[in-house]
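Listing of entry23.txt, compact mmCIF, C-alpha atoms and all ligand atoms
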# COMPACT_ATOMS: atom_id res chain seq x y z
CA MET A 1 -70.69 -116.76 -17.63
CA THR A 2 -68.97 -115.37 -20.71
CA LYS A 3 -67.76 -111.81 -20.19
CA LEU A 4 -66.01 -111.03 -23.47
CA GLU A 5 -66.33 -112.92 -26.70
CA ALA A 6 -64.61 -112.39 -30.04
CA LYS A 7 -66.28 -114.12 -32.97
CA GLY A 8 -64.55 -114.68 -36.30
CA ILE A 9 -62.40 -111.55 -36.17
CA GLU A 10 -60.67 -110.71 -39.45
CA ARG A 11 -58.34 -107.75 -39.91
CA TYR A 12 -56.42 -106.64 -42.99
CA TYR A 13 -53.73 -103.97 -43.33
CA GLU A 14 -52.68 -102.06 -46.42
CA HIS A 15 -48.98 -102.39 -47.21
CA GLY A 16 -48.29 -100.23 -50.28
CA GLY A 17 -51.01 -101.71 -52.45
CA TYR A 18 -50.70 -105.14 -50.91
CA ARG A 19 -53.46 -106.31 -48.59
CA LEU A 20 -51.95 -108.13 -45.64
CA LYS A 21 -54.25 -110.40 -43.68
CA ALA A 22 -53.35 -110.21 -39.98
CA LEU A 23 -56.29 -112.00 -38.38
CA ASP A 24 -58.03 -114.88 -40.06
CA GLY A 25 -61.24 -115.46 -38.14
CA VAL A 26 -60.03 -115.32 -34.53
CA SER A 27 -62.63 -116.58 -32.08
CA LEU A 28 -61.91 -116.51 -28.37
CA SER A 29 -63.98 -116.07 -25.25
CA ALA A 30 -63.15 -115.06 -21.69
CA GLY A 31 -65.43 -116.05 -18.85
CA ASP A 32 -66.21 -113.56 -16.08
CA GLY A 33 -63.07 -113.35 -13.93
CA ASP A 34 -60.91 -115.36 -16.35
CA PHE A 35 -57.25 -114.55 -16.90
CA VAL A 36 -56.69 -115.35 -20.56
CA CYS A 37 -53.13 -115.19 -21.84
CA ILE A 38 -52.45 -114.94 -25.56
CA VAL A 39 -49.18 -116.23 -26.99
CA GLY A 40 -48.09 -116.66 -30.57
CA PRO A 41 -45.24 -116.15 -33.04
CA SER A 42 -43.85 -112.64 -33.48
CA GLY A 43 -45.96 -110.58 -35.88
CA CYS A 44 -48.87 -113.04 -35.90
CA GLY A 45 -51.43 -110.43 -34.86
CA LYS A 46 -51.71 -110.56 -31.06
CA SER A 47 -51.55 -106.78 -30.60
CA THR A 48 -53.94 -106.30 -33.51
CA PHE A 49 -56.41 -108.62 -31.83
CA LEU A 50 -56.15 -106.76 -28.53
CA ARG A 51 -56.62 -103.43 -30.32
CA VAL A 52 -59.79 -104.79 -31.92
CA LEU A 53 -61.04 -105.88 -28.47
CA ALA A 54 -60.22 -102.42 -27.06
CA GLY A 55 -62.03 -100.76 -29.96
CA PHE A 56 -58.95 -98.90 -31.29
CA ASP A 57 -59.21 -100.96 -34.48
CA GLU A 58 -62.34 -101.95 -36.38
CA PRO A 59 -62.43 -105.57 -37.52
CA ASP A 60 -63.03 -106.20 -41.25
CA ALA A 61 -65.26 -109.11 -40.27
CA GLY A 62 -66.52 -110.63 -37.06
CA GLU A 63 -67.73 -109.04 -33.85
CA VAL A 64 -66.83 -108.42 -30.23
CA LEU A 65 -69.46 -109.09 -27.58
CA LEU A 66 -69.40 -107.88 -24.00
CA ASP A 67 -71.96 -109.61 -21.77
CA GLY A 68 -73.55 -110.91 -24.96
CA LYS A 69 -73.97 -107.46 -26.56
CA GLN A 70 -71.96 -106.26 -29.52
CA VAL A 71 -69.49 -103.47 -28.69
CA ARG A 72 -67.90 -101.09 -31.18
CA GLY A 73 -65.29 -98.40 -30.61
CA THR A 74 -63.61 -97.72 -27.29
CA GLY A 75 -65.40 -97.72 -23.96
CA PRO A 76 -64.58 -97.43 -20.24
CA GLU A 77 -65.53 -101.07 -19.71
CA ARG A 78 -62.51 -102.22 -21.78
CA ILE A 79 -59.25 -100.58 -20.74
CA MET A 80 -55.85 -101.25 -22.27
CA VAL A 81 -52.45 -101.26 -20.52
CA PHE A 82 -49.56 -100.88 -22.97
CA GLN A 83 -46.02 -102.20 -22.86
CA GLU A 84 -44.58 -98.76 -22.11
CA GLY A 85 -47.31 -97.62 -19.77
CA ALA A 86 -48.14 -94.56 -21.94
CA LEU A 87 -48.25 -92.21 -18.93
CA PHE A 88 -48.34 -88.41 -19.06
CA PRO A 89 -44.90 -87.12 -18.01
CA TRP A 90 -46.26 -83.65 -17.17
CA LEU A 91 -48.67 -85.04 -14.58
CA LYS A 92 -47.88 -86.32 -11.10
CA VAL A 93 -48.47 -90.01 -10.36
CA LYS A 94 -51.76 -89.31 -8.58
CA ASP A 95 -53.01 -87.16 -11.47
CA ASN A 96 -52.03 -89.85 -13.97
CA VAL A 97 -54.10 -92.38 -12.05
CA GLU A 98 -57.01 -89.93 -11.81
CA PHE A 99 -56.85 -88.76 -15.42
CA GLY A 100 -59.62 -90.98 -16.81
CA LEU A 101 -61.81 -90.31 -13.78
CA LYS A 102 -61.42 -86.54 -14.27
CA MET A 103 -62.35 -86.90 -17.94
CA ALA A 104 -65.42 -88.87 -16.82
CA GLY A 105 -66.45 -85.95 -14.59
CA ILE A 106 -65.86 -87.67 -11.24
CA PRO A 107 -65.52 -84.99 -8.50
CA PRO A 108 -62.08 -84.44 -6.89
CA ASP A 109 -62.91 -86.00 -3.49
CA GLU A 110 -64.12 -89.22 -5.05
CA ARG A 111 -61.18 -89.27 -7.46
CA GLY A 112 -58.82 -88.95 -4.50
CA LEU A 113 -60.42 -91.91 -2.73
CA ILE A 114 -60.23 -94.08 -5.83
CA SER A 115 -56.63 -93.19 -6.74
CA GLY A 116 -55.64 -93.65 -3.08
CA ARG A 117 -57.07 -97.16 -3.09
CA TYR A 118 -55.22 -98.27 -6.22
CA LEU A 119 -51.96 -96.50 -5.40
CA ASP A 120 -52.08 -98.33 -2.09
CA MET A 121 -52.78 -101.63 -3.85
CA MET A 122 -49.80 -101.05 -6.14
CA ARG A 123 -47.59 -99.93 -3.19
CA LEU A 124 -47.12 -96.48 -4.68
CA SER A 125 -48.79 -94.27 -2.06
CA GLU A 126 -45.57 -92.50 -1.07
CA PHE A 127 -44.94 -91.58 -4.72
CA ALA A 128 -48.39 -90.06 -5.34
CA GLY A 129 -46.82 -86.58 -5.63
CA SER A 130 -43.86 -87.63 -7.81
CA TYR A 131 -43.58 -87.22 -11.56
CA THR A 132 -43.41 -90.41 -13.58
CA TYR A 133 -39.83 -89.69 -14.76
CA GLN A 134 -38.79 -89.95 -11.10
CA LEU A 135 -39.92 -93.60 -10.99
CA SER A 136 -38.32 -96.83 -12.16
CA THR A 137 -39.71 -98.64 -15.21
CA GLY A 138 -41.42 -101.22 -12.99
CA MET A 139 -42.99 -98.49 -10.86
CA ARG A 140 -44.23 -96.68 -13.97
CA GLN A 141 -45.85 -99.89 -15.13
CA ARG A 142 -47.56 -100.21 -11.74
CA VAL A 143 -48.88 -96.64 -12.17
CA ALA A 144 -50.28 -97.66 -15.57
CA ILE A 145 -52.01 -100.67 -14.01
CA ALA A 146 -53.38 -98.49 -11.17
CA ARG A 147 -54.67 -95.99 -13.74
CA ALA A 148 -56.45 -98.75 -15.66
CA LEU A 149 -57.95 -100.30 -12.51
CA ALA A 150 -59.12 -96.89 -11.27
CA MET A 151 -61.58 -96.84 -14.19
CA ASP A 152 -63.09 -100.05 -12.79
CA PRO A 153 -63.28 -101.70 -16.23
CA ASP A 154 -65.05 -105.02 -16.73
CA VAL A 155 -62.13 -106.15 -18.84
CA LEU A 156 -58.47 -105.29 -18.61
CA LEU A 157 -56.51 -105.68 -21.84
CA MET A 158 -52.76 -105.92 -21.33
CA ASP A 159 -50.33 -105.85 -24.24
CA GLU A 160 -46.96 -107.25 -23.14
CA PRO A 161 -47.00 -105.01 -20.05
CA PHE A 162 -43.88 -106.60 -18.54
CA ALA A 163 -41.79 -106.88 -21.71
CA ALA A 164 -39.54 -103.92 -20.89
CA LEU A 165 -38.85 -104.98 -17.29
CA ASP A 166 -35.79 -106.67 -15.81
CA ALA A 167 -36.21 -110.27 -14.63
CA GLN A 168 -36.43 -109.42 -10.93
CA THR A 169 -39.05 -106.70 -11.33
CA LYS A 170 -40.99 -108.93 -13.69
CA ASP A 171 -41.07 -111.73 -11.10
CA LEU A 172 -42.42 -109.33 -8.48
CA LEU A 173 -45.07 -107.98 -10.82
CA LEU A 174 -46.10 -111.51 -11.84
CA GLU A 175 -46.80 -112.17 -8.17
CA GLU A 176 -48.58 -108.84 -7.71
CA MET A 177 -50.65 -109.34 -10.85
CA GLN A 178 -52.01 -112.60 -9.43
CA HIS A 179 -52.93 -110.87 -6.13
CA ILE A 180 -54.60 -107.98 -7.96
CA TRP A 181 -56.55 -110.32 -10.19
CA GLN A 182 -57.71 -112.35 -7.18
CA ARG A 183 -58.67 -109.18 -5.25
CA THR A 184 -60.42 -107.35 -8.07
CA LYS A 185 -61.88 -110.40 -9.88
CA LYS A 186 -61.37 -108.60 -13.19
CA THR A 187 -61.50 -110.39 -16.51
CA ILE A 188 -58.04 -110.02 -18.00
CA LEU A 189 -56.70 -110.66 -21.50
CA PHE A 190 -52.93 -110.54 -21.48
CA VAL A 191 -50.66 -110.72 -24.52
CA THR A 192 -47.16 -112.04 -23.92
CA HIS A 193 -44.42 -113.74 -25.90
CA ASN A 194 -43.22 -115.38 -22.70
CA VAL A 195 -44.66 -118.88 -22.25
CA ALA A 196 -43.56 -119.14 -18.61
CA GLU A 197 -45.34 -115.86 -17.83
CA ALA A 198 -48.51 -117.11 -19.54
CA ALA A 199 -48.42 -120.38 -17.57
CA VAL A 200 -47.99 -118.51 -14.26
CA LEU A 201 -50.80 -116.04 -14.91
CA GLY A 202 -53.38 -117.72 -17.08
CA THR A 203 -56.54 -119.59 -16.25
CA LYS A 204 -56.21 -120.41 -19.91
CA VAL A 205 -53.68 -119.76 -22.64
CA ALA A 206 -54.74 -119.18 -26.24
CA VAL A 207 -52.01 -120.07 -28.71
CA PHE A 208 -52.22 -118.09 -31.96
CA SER A 209 -50.98 -119.58 -35.23
CA ASN A 210 -48.62 -117.86 -37.65
CA ARG A 211 -50.08 -114.91 -39.56
CA PRO A 212 -52.78 -114.76 -40.73
CA SER A 213 -53.62 -115.98 -37.31
CA ARG A 214 -56.33 -118.06 -35.79
CA VAL A 215 -56.55 -119.60 -32.35
CA LYS A 216 -54.59 -122.80 -32.80
CA LYS A 217 -55.13 -124.21 -29.34
CA GLU A 218 -56.57 -123.26 -25.95
CA VAL A 219 -54.84 -124.71 -22.90
CA VAL A 220 -56.71 -124.55 -19.60
CA ILE A 221 -54.46 -124.25 -16.52
CA ASP A 222 -55.89 -125.12 -13.13
CA ALA A 223 -52.66 -125.30 -11.10
CA PRO A 224 -52.98 -123.83 -7.59
CA ARG A 225 -51.97 -120.22 -6.82
CA PRO A 226 -49.85 -118.35 -6.10
CA ARG A 227 -47.79 -119.72 -8.97
CA HIS A 228 -44.14 -118.99 -9.65
CA GLY A 229 -42.02 -119.15 -12.78
CA GLY A 230 -40.09 -122.25 -11.77
CA ASP A 231 -43.04 -124.31 -10.48
CA ALA A 232 -42.55 -127.96 -11.43
CA GLY A 233 -46.33 -128.32 -11.82
CA LEU A 234 -46.29 -125.83 -14.70
CA ALA A 235 -43.55 -127.56 -16.70
CA ALA A 236 -45.89 -129.91 -18.57
CA VAL A 237 -48.26 -127.11 -19.51
CA GLN A 238 -45.34 -125.00 -20.77
CA ARG A 239 -44.13 -127.90 -22.91
CA GLU A 240 -47.64 -128.28 -24.34
CA ILE A 241 -47.75 -124.59 -25.30
CA LEU A 242 -44.22 -124.59 -26.70
CA ALA A 243 -45.02 -127.62 -28.86
CA GLU A 244 -47.84 -125.62 -30.46
CA LEU A 245 -45.54 -122.68 -31.13
CA ARG A 246 -42.86 -124.78 -32.82
CA PRO A 247 -42.95 -124.35 -36.60
CA PRO A 248 -44.07 -127.50 -38.45
CA GLU A 249 -41.22 -129.62 -39.79
CA GLY A 250 -41.00 -129.19 -43.53
CA PRO A 251 -39.45 -131.50 -46.12
CA GLN A 252 -35.64 -131.75 -45.77
N1 LIG A 301 -50.84 -100.14 -38.34
C1 LIG A 301 -50.43 -101.12 -39.13
N2 LIG A 301 -50.31 -100.92 -40.46
C2 LIG A 301 -49.92 -101.91 -41.27
N3 LIG A 301 -49.61 -103.15 -40.86
C3 LIG A 301 -49.70 -103.41 -39.55
C4 LIG A 301 -50.10 -102.42 -38.60
N4 LIG A 301 -50.11 -102.95 -37.37
C5 LIG A 301 -49.71 -104.24 -37.51
N5 LIG A 301 -49.48 -104.51 -38.81
C6 LIG A 301 -49.06 -105.82 -39.37
O1 LIG A 301 -49.93 -106.81 -38.89
C7 LIG A 301 -49.20 -107.97 -38.51
C8 LIG A 301 -49.50 -108.31 -37.07
O2 LIG A 301 -48.92 -107.30 -36.23
P1 LIG A 301 -49.12 -107.31 -34.64
O3 LIG A 301 -48.37 -106.15 -34.07
O4 LIG A 301 -50.56 -107.41 -34.34
O5 LIG A 301 -48.41 -108.70 -34.25
P2 LIG A 301 -47.94 -109.27 -32.84
O6 LIG A 301 -48.29 -110.70 -32.82
O7 LIG A 301 -48.46 -108.41 -31.73
O8 LIG A 301 -46.35 -109.08 -32.97
P3 LIG A 301 -45.20 -109.08 -31.85
O9 LIG A 301 -45.30 -110.36 -31.08
O10 LIG A 301 -43.94 -109.04 -32.68
O11 LIG A 301 -45.41 -107.86 -31.02
C9 LIG A 301 -47.73 -107.69 -38.80
O12 LIG A 301 -47.39 -108.30 -40.02
C10 LIG A 301 -47.66 -106.17 -38.91
O13 LIG A 301 -46.71 -105.79 -39.89

For the structure just supplied, provide its representation as structure tokens.
Amino acid sequence: MTKLEAKGIERYYEHGGYRLKALDGVSLSAGDGDFVCIVGPSGCGKSTFLRVLAGFDEPDAGEVLLDGKQVRGTGPERIMVFQEGALFPWLKVKDNVEFGLKMAGIPPDERGLISGRYLDMMRLSEFAGSYTYQLSTGMRQRVAIARALAMDPDVLLMDEPFAALDAQTKDLLLEEMQHIWQRTKKTILFVTHNVAEAAVLGTKVAVFSNRPSRVKKEVVIDAPRPRHGGDAGLAAVQREILAELRPPEGPQ
């Protein structure tokens, strides 16, 4: 069953009198429980597309459907995790995770149970009372993921969430992300510039073209899990994606 569907999304930006077309009719769907990775050339419009899905940006044309119904603006059923986590430094880890729940009027006891569950899942329980500046970058990113999951969204939108991490932490989080996805059965759309990461995580990978972007190709990946970066079985799929990303050869 289709969970989230984007149909013919167009998005323009004003650049000092010049109208720049970022998205040129992007259509992409994610089935319930799919892990869709989005890759594409730098500046092609991946983040713009995710912002449209999250409702932070209005498309100039096209529509976003959740469970077959058009959605506009932001909503608790579509939650975004940013590259830098975007946590509140003045709040403790537990309060960061509970922030959205508090805003939604969930009583303290229930909030505590929910944050406890996700802090446990992200192996952060012993840091519940710490401030985010006392954590490593990887731990902060895990707090951001816990905070998003605590809202129990239908769809998790992740914009290069591991880009600022060192290789070792990234490997660990790639593994954890697969466990979390399998445990929570969330529908995830995940933007990355890293083809290996996309091949490890994705049930399918959507390759965006150069700006103004469209979906150039969708590659379905059914390799067994857990997957790891160096898996030989993923090499062919990575080559297929990389071939799509290579600029066309022009006249010499
Ligand atoms: N707020 C904005 N105002 C004006 N132009 C913008 C804005 N946000 C993005 N753009 C332009 O839209 C295009 C797509 O940007 P976007 O950040 O969506 O690309 P991206 O694929 O996520 O890039 P990267 O991989 O480098 O992060 C770029 O040319 C960028 O300059």

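Distance-wise, CA of Leu119 in chain A and CA of Glu77 in chain A end up 20.2 Å apart.
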
Please write out the residues within 9 Å of ligand LIG 301 (chain A) as an NGL selection string, counting all atoms listed in the file. :A and (11-15 or 20-23 or 39-51 or 159-160 or 191-193 or 208 or 210-213)

Give me, as a list in words, all polymer residues having an atom no more than 12 Å from Lys185 in chain A, counting all atoms listed in the file and skipping those fewer than 4 positions away in the same chain. Lys3, Gly31, Asp32, Gly33, Asp34, Phe35, Leu149, Asp152, Pro153, Asp154, Val155, Leu156, Met177, Gln178, His179, Ile180 and Trp181 of chain A

Can you tell me how far CA of Ile145 in chain A sits from CA of Met80 in chain A, in Å to one decimal? 9.1 Å

I'd like the neighbourhood of range 131-134 of chain A as an NGL selection string, where a residue qualifies if any of its atoms comes within 7 Å (using all atoms listed in the file), though same-chain residues fewer than 2 positions away should be ignored. :A and (89 or 91-93 or 129 or 136 or 140)

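A straight line drawn from CA of Leu234 in chain A to CA of Val207 in chain A is 16.2 Å long.
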
Residue nearest Leu28 in chain A among A:Ala150, A:Val215, A:Ala167, A:Leu173 (counting only C-alpha atoms): A:Val215

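Taking all atoms listed in the file into account, the protein, DNA and RNA residues within 12 Å of (-64.9, -98.3, -28.4) read Arg51, Val52, Leu53, Ala54, Gly55, Phe56, Asp57, Glu58, Pro59, Val64, Leu65, Leu66, Gln70, Val71, Arg72, Gly73, Thr74, Gly75, Pro76, Glu77, Arg78, Ile79 and Met80 of chain A.
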
Given the selection you just returned, output its residues as a file containing C-alpha atoms, formatted as a PDB file, keeping the file's coordinate frame.
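Done, and the output landed in out_22.pdb:
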ATOM      1  CA  ARG A  51     -56.620-103.430 -30.320  1.00  0.00           C
ATOM      2  CA  VAL A  52     -59.790-104.790 -31.920  1.00  0.00           C
ATOM      3  CA  LEU A  53     -61.040-105.880 -28.470  1.00  0.00           C
ATOM      4  CA  ALA A  54     -60.220-102.420 -27.060  1.00  0.00           C
ATOM      5  CA  GLY A  55     -62.030-100.760 -29.960  1.00  0.00           C
ATOM      6  CA  PHE A  56     -58.950 -98.900 -31.290  1.00  0.00           C
ATOM      7  CA  ASP A  57     -59.210-100.960 -34.480  1.00  0.00           C
ATOM      8  CA  GLU A  58     -62.340-101.950 -36.380  1.00  0.00           C
ATOM      9  CA  PRO A  59     -62.430-105.570 -37.520  1.00  0.00           C
ATOM     10  CA  VAL A  64     -66.830-108.420 -30.230  1.00  0.00           C
ATOM     11  CA  LEU A  65     -69.460-109.090 -27.580  1.00  0.00           C
ATOM     12  CA  LEU A  66     -69.400-107.880 -24.000  1.00  0.00           C
ATOM     13  CA  GLN A  70     -71.960-106.260 -29.520  1.00  0.00           C
ATOM     14  CA  VAL A  71     -69.490-103.470 -28.690  1.00  0.00           C
ATOM     15  CA  ARG A  72     -67.900-101.090 -31.180  1.00  0.00           C
ATOM     16  CA  GLY A  73     -65.290 -98.400 -30.610  1.00  0.00           C
ATOM     17  CA  THR A  74     -63.610 -97.720 -27.290  1.00  0.00           C
ATOM     18  CA  GLY A  75     -65.400 -97.720 -23.960  1.00  0.00           C
ATOM     19  CA  PRO A  76     -64.580 -97.430 -20.240  1.00  0.00           C
ATOM     20  CA  GLU A  77     -65.530-101.070 -19.710  1.00  0.00           C
ATOM     21  CA  ARG A  78     -62.510-102.220 -21.780  1.00  0.00           C
ATOM     22  CA  ILE A  79     -59.250-100.580 -20.740  1.00  0.00           C
ATOM     23  CA  MET A  80     -55.850-101.250 -22.270  1.00  0.00           C
TER      24      MET A  80
END

Selected residue, from A:Gly112, A:Gly100, A:Pro107, A:Pro247, that lies nearest to Ala144 in chain A when counting all atoms listed in the file: A:Gly100

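Counting only C-alpha atoms, the residue from A:Glu176, A:Arg246, A:Glu5, A:Ser209 that sits nearest to Arg227 in chain A is A:Glu176.
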
Which polymer residues have any atom within 7 Å of an atom of Gly229 in chain A, counting all atoms listed in the file, with same-chain residues fewer than 2 positions away left out, as a ChimeraX atom specification? /A:196-197,200,227,231

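You can rank A:Arg117, A:Arg123, A:Arg225, A:Lys186 by their closest distance to Leu201 in chain A using all atoms listed in the file, and at the top of that list sits A:Arg225.
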
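Restricting the calculation to all atoms listed in the file, the smallest distance between Gly233 in chain A and any of A:Ile188, A:Ala199, A:Val220, A:Val143 is found for A:Ala199.
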
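Here the question is which of A:Ala86, A:Ala30, A:Ala243, A:Ala6 gets nearest to Arg142 in chain A using all atoms listed in the file, and that residue is A:Ala86.
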